[in-house]
Amino acid sequence: MWAFGVAVGYPLDTVKVRIQTQRKFTGVWQCIHTTCRTEGVYGFYKGMSMPLTTVSVSSSVVFGTYKNALQLFRQLRFKSADAPSSKLEIFLSGLAGGIAQVSVMSPADIVKVRLQCQTEPYHGSDFKSWPKYKGPIHCFCTIAREEGVRGLYKGAGALALRDGPSFATYFLVYNTVCEWLSPGNSSQKAERKPNWKVVMLAGGLSGMCGWCVGTPMDVIKARLQTDGMSKRRYRGFFHCIKESVRNEGPGILFKGLALNCVRAFPVNMAVFVMYELVLSLL
């Protein structure tokens, strides 16, 4: 299910990354038109194999950390794993889950982003005109060889600041919407599973709210990850924020938000349906 979500939303993700990191793309439709004209449909799917192969692991880390953190809070507060969780505990558990996945996700994410930002086509007799990275494995090895292991975690700080608050908001909104739309008092709501319509609506809304919180750091993360592909522009995290806002205005921090929200609603709707289904089976 998670891999299906990645595949469906990936073309929009490529467009989002390109308009966030490359000034030659002035808007969504201009980016789509240019990519189609110069690279064909394949241009929208560059680097997709990396998130496809790691999404199950990163999602397991997020949801597993979230669930275990909730149980830990319940044990500390009530001495029982079945007690209802407070909103603060849900928020902190989501925060822990988002930060925990960075160690798994960061190397795959920088490979994905760099391949998405390569606009040169893979053809021609002159190999010097070919793009720097020939594929995901070649990109991974090239980054490790030229920039060291630390290069694979470039932008990891921004990624943690994106995913921590984003997943905290994600789980908090999901649980809050399910609680609001489920009948009964608080104790009954904690015991009763929400119906599937509520799960789908809450999942979609939680994904959109999560990206509203996470998009500013998503922009900074992508810029730090692609910095140095041609020339180096940023000296670090704070310099990247300062230069981006100074040159392009505060609105740059929300570039790609609309695309993130459009992609997030159906994908996270499906994710939470699968999540609740697995919980009911277990």
# chains A, B, ... in the order shown; residues from 1 in each chain; ligands from 1
>>> residues_around(residues="region 35-41 of chain A", least_positions_apart="6", cutoff="10 Å", atoms="only C-alpha atoms", output="list in words")
Pro11, Thr14, Val15, Arg18, Phe25, Trp29, Thr119, Glu120, Pro121 and Tyr122 of chain A
>>> select_by_dssp(residues="region 62-270 of chain A", states="alpha helix (DSSP H)", output="PyMOL selection string")
chain A and resi 62-78+87-100+102-116+136-147+156-181+186-191+196-226+237-248+257-270
>>> residues_around(residues="region 247-263 of chain A", least_positions_apart="2", cutoff="12 Å", atoms="only C-alpha atoms", output="ChimeraX atom specification")
/A:5-23,25-29,31,162,204-223,239-245,265-270
>>> closest_residue(among="A:Gly97, A:Pro183, A:Pro51, A:Gly164", to="Asp109 (chain A)", atoms="only C-alpha atoms")
A:Pro51
>>> closest_residue(among="A:Glu179, A:Ala108, A:Gln116, A:Val57", to="Leu152 (chain A)", atoms="only C-alpha atoms")
A:Ala108
>>> decode(residues="region 55-103 of chain A", atoms="N, CA and C atoms", output="compact mmCIF listing (two decimals), in the first residue's frame")
# COMPACT_ATOMS: atom_id res chain seq x y z
N VAL A 55 10.42 2.64 1.55
CA VAL A 55 9.21 3.18 2.17
C VAL A 55 8.63 2.24 3.23
N SER A 56 8.73 0.94 3.00
CA SER A 56 8.19 0.00 3.99
C SER A 56 8.97 0.07 5.30
N VAL A 57 10.31 0.18 5.17
CA VAL A 57 11.16 0.26 6.37
C VAL A 57 10.91 1.56 7.12
N SER A 58 10.93 2.70 6.39
CA SER A 58 10.75 4.00 7.05
C SER A 58 9.36 4.13 7.66
N SER A 59 8.33 3.61 6.98
CA SER A 59 6.97 3.66 7.52
C SER A 59 6.84 2.78 8.76
N SER A 60 7.51 1.62 8.73
CA SER A 60 7.49 0.74 9.90
C SER A 60 8.16 1.40 11.10
N VAL A 61 9.26 2.13 10.84
CA VAL A 61 9.95 2.84 11.93
C VAL A 61 9.05 3.92 12.52
N VAL A 62 8.38 4.70 11.65
CA VAL A 62 7.50 5.77 12.11
C VAL A 62 6.35 5.23 12.95
N PHE A 63 5.58 4.31 12.36
CA PHE A 63 4.40 3.80 13.04
C PHE A 63 4.77 2.93 14.24
N GLY A 64 5.87 2.18 14.14
CA GLY A 64 6.31 1.36 15.26
C GLY A 64 6.78 2.20 16.44
N THR A 65 7.57 3.25 16.15
CA THR A 65 8.03 4.15 17.21
C THR A 65 6.85 4.87 17.84
N TYR A 66 5.93 5.32 17.01
CA TYR A 66 4.73 6.02 17.51
C TYR A 66 3.93 5.14 18.46
N LYS A 67 3.68 3.91 18.06
CA LYS A 67 2.86 3.00 18.88
C LYS A 67 3.58 2.63 20.17
N ASN A 68 4.88 2.36 20.09
CA ASN A 68 5.64 2.00 21.29
C ASN A 68 5.78 3.18 22.26
N ALA A 69 5.94 4.37 21.71
CA ALA A 69 6.03 5.56 22.57
C ALA A 69 4.71 5.80 23.29
N LEU A 70 3.58 5.60 22.60
CA LEU A 70 2.27 5.74 23.24
C LEU A 70 2.12 4.74 24.39
N GLN A 71 2.52 3.50 24.14
CA GLN A 71 2.42 2.48 25.19
C GLN A 71 3.32 2.82 26.38
N LEU A 72 4.50 3.37 26.11
CA LEU A 72 5.41 3.76 27.19
C LEU A 72 4.79 4.87 28.05
N PHE A 73 4.20 5.88 27.39
CA PHE A 73 3.55 6.96 28.13
C PHE A 73 2.40 6.41 28.98
N ARG A 74 1.63 5.47 28.43
CA ARG A 74 0.51 4.89 29.20
C ARG A 74 1.00 4.13 30.41
N GLN A 75 2.08 3.37 30.21
CA GLN A 75 2.65 2.61 31.33
C GLN A 75 3.16 3.54 32.43
N LEU A 76 3.79 4.64 32.02
CA LEU A 76 4.34 5.58 33.00
C LEU A 76 3.24 6.32 33.75
N ARG A 77 2.14 6.63 33.04
CA ARG A 77 1.10 7.45 33.65
C ARG A 77 0.02 6.63 34.35
N PHE A 78 -0.36 5.49 33.73
CA PHE A 78 -1.48 4.71 34.27
C PHE A 78 -1.09 3.30 34.71
N LYS A 79 0.16 2.91 34.43
CA LYS A 79 0.60 1.53 34.68
C LYS A 79 -0.22 0.54 33.87
N SER A 80 -0.74 1.00 32.73
CA SER A 80 -1.55 0.13 31.87
C SER A 80 -1.37 0.56 30.43
N ALA A 81 -1.21 -0.44 29.53
CA ALA A 81 -1.02 -0.15 28.10
C ALA A 81 -2.34 0.12 27.39
N ASP A 82 -3.47 -0.10 28.07
CA ASP A 82 -4.78 0.06 27.45
C ASP A 82 -5.46 1.37 27.81
N ALA A 83 -4.83 2.20 28.62
CA ALA A 83 -5.42 3.47 29.03
C ALA A 83 -5.45 4.44 27.85
N PRO A 84 -6.41 5.39 27.84
CA PRO A 84 -6.46 6.37 26.75
C PRO A 84 -5.27 7.32 26.79
N SER A 85 -4.84 7.77 25.63
CA SER A 85 -3.68 8.67 25.53
C SER A 85 -4.15 10.12 25.48
N SER A 86 -3.37 11.00 26.08
CA SER A 86 -3.67 12.43 26.01
C SER A 86 -3.18 12.99 24.68
N LYS A 87 -3.64 14.19 24.34
CA LYS A 87 -3.22 14.84 23.10
C LYS A 87 -1.71 15.11 23.11
N LEU A 88 -1.17 15.48 24.26
CA LEU A 88 0.27 15.74 24.36
C LEU A 88 1.07 14.46 24.11
N GLU A 89 0.60 13.34 24.64
CA GLU A 89 1.30 12.06 24.43
C GLU A 89 1.26 11.64 22.96
N ILE A 90 0.14 11.88 22.30
CA ILE A 90 0.02 11.58 20.86
C ILE A 90 1.00 12.46 20.08
N PHE A 91 1.05 13.74 20.43
CA PHE A 91 1.94 14.69 19.75
C PHE A 91 3.40 14.28 19.92
N LEU A 92 3.80 13.97 21.16
CA LEU A 92 5.19 13.62 21.44
C LEU A 92 5.57 12.27 20.81
N SER A 93 4.63 11.34 20.77
CA SER A 93 4.89 10.03 20.14
C SER A 93 5.08 10.18 18.64
N GLY A 94 4.25 11.03 18.01
CA GLY A 94 4.42 11.32 16.59
C GLY A 94 5.73 12.01 16.30
N LEU A 95 6.12 12.93 17.19
CA LEU A 95 7.40 13.63 17.07
C LEU A 95 8.56 12.63 17.10
N ALA A 96 8.50 11.69 18.04
CA ALA A 96 9.54 10.66 18.16
C ALA A 96 9.60 9.79 16.91
N GLY A 97 8.44 9.41 16.39
CA GLY A 97 8.39 8.58 15.19
C GLY A 97 8.98 9.27 13.97
N GLY A 98 8.67 10.56 13.81
CA GLY A 98 9.20 11.32 12.68
C GLY A 98 10.70 11.47 12.73
N ILE A 99 11.24 11.74 13.92
CA ILE A 99 12.69 11.91 14.07
C ILE A 99 13.40 10.57 13.92
N ALA A 100 12.79 9.49 14.41
CA ALA A 100 13.43 8.17 14.38
C ALA A 100 13.70 7.68 12.96
N GLN A 101 12.83 8.04 12.03
CA GLN A 101 12.99 7.52 10.67
C GLN A 101 14.09 8.21 9.87
N VAL A 102 14.62 9.33 10.38
CA VAL A 102 15.63 10.09 9.64
C VAL A 102 16.87 9.25 9.35
N SER A 103 17.29 8.43 10.32
CA SER A 103 18.49 7.61 10.13
C SER A 103 18.32 6.63 8.97
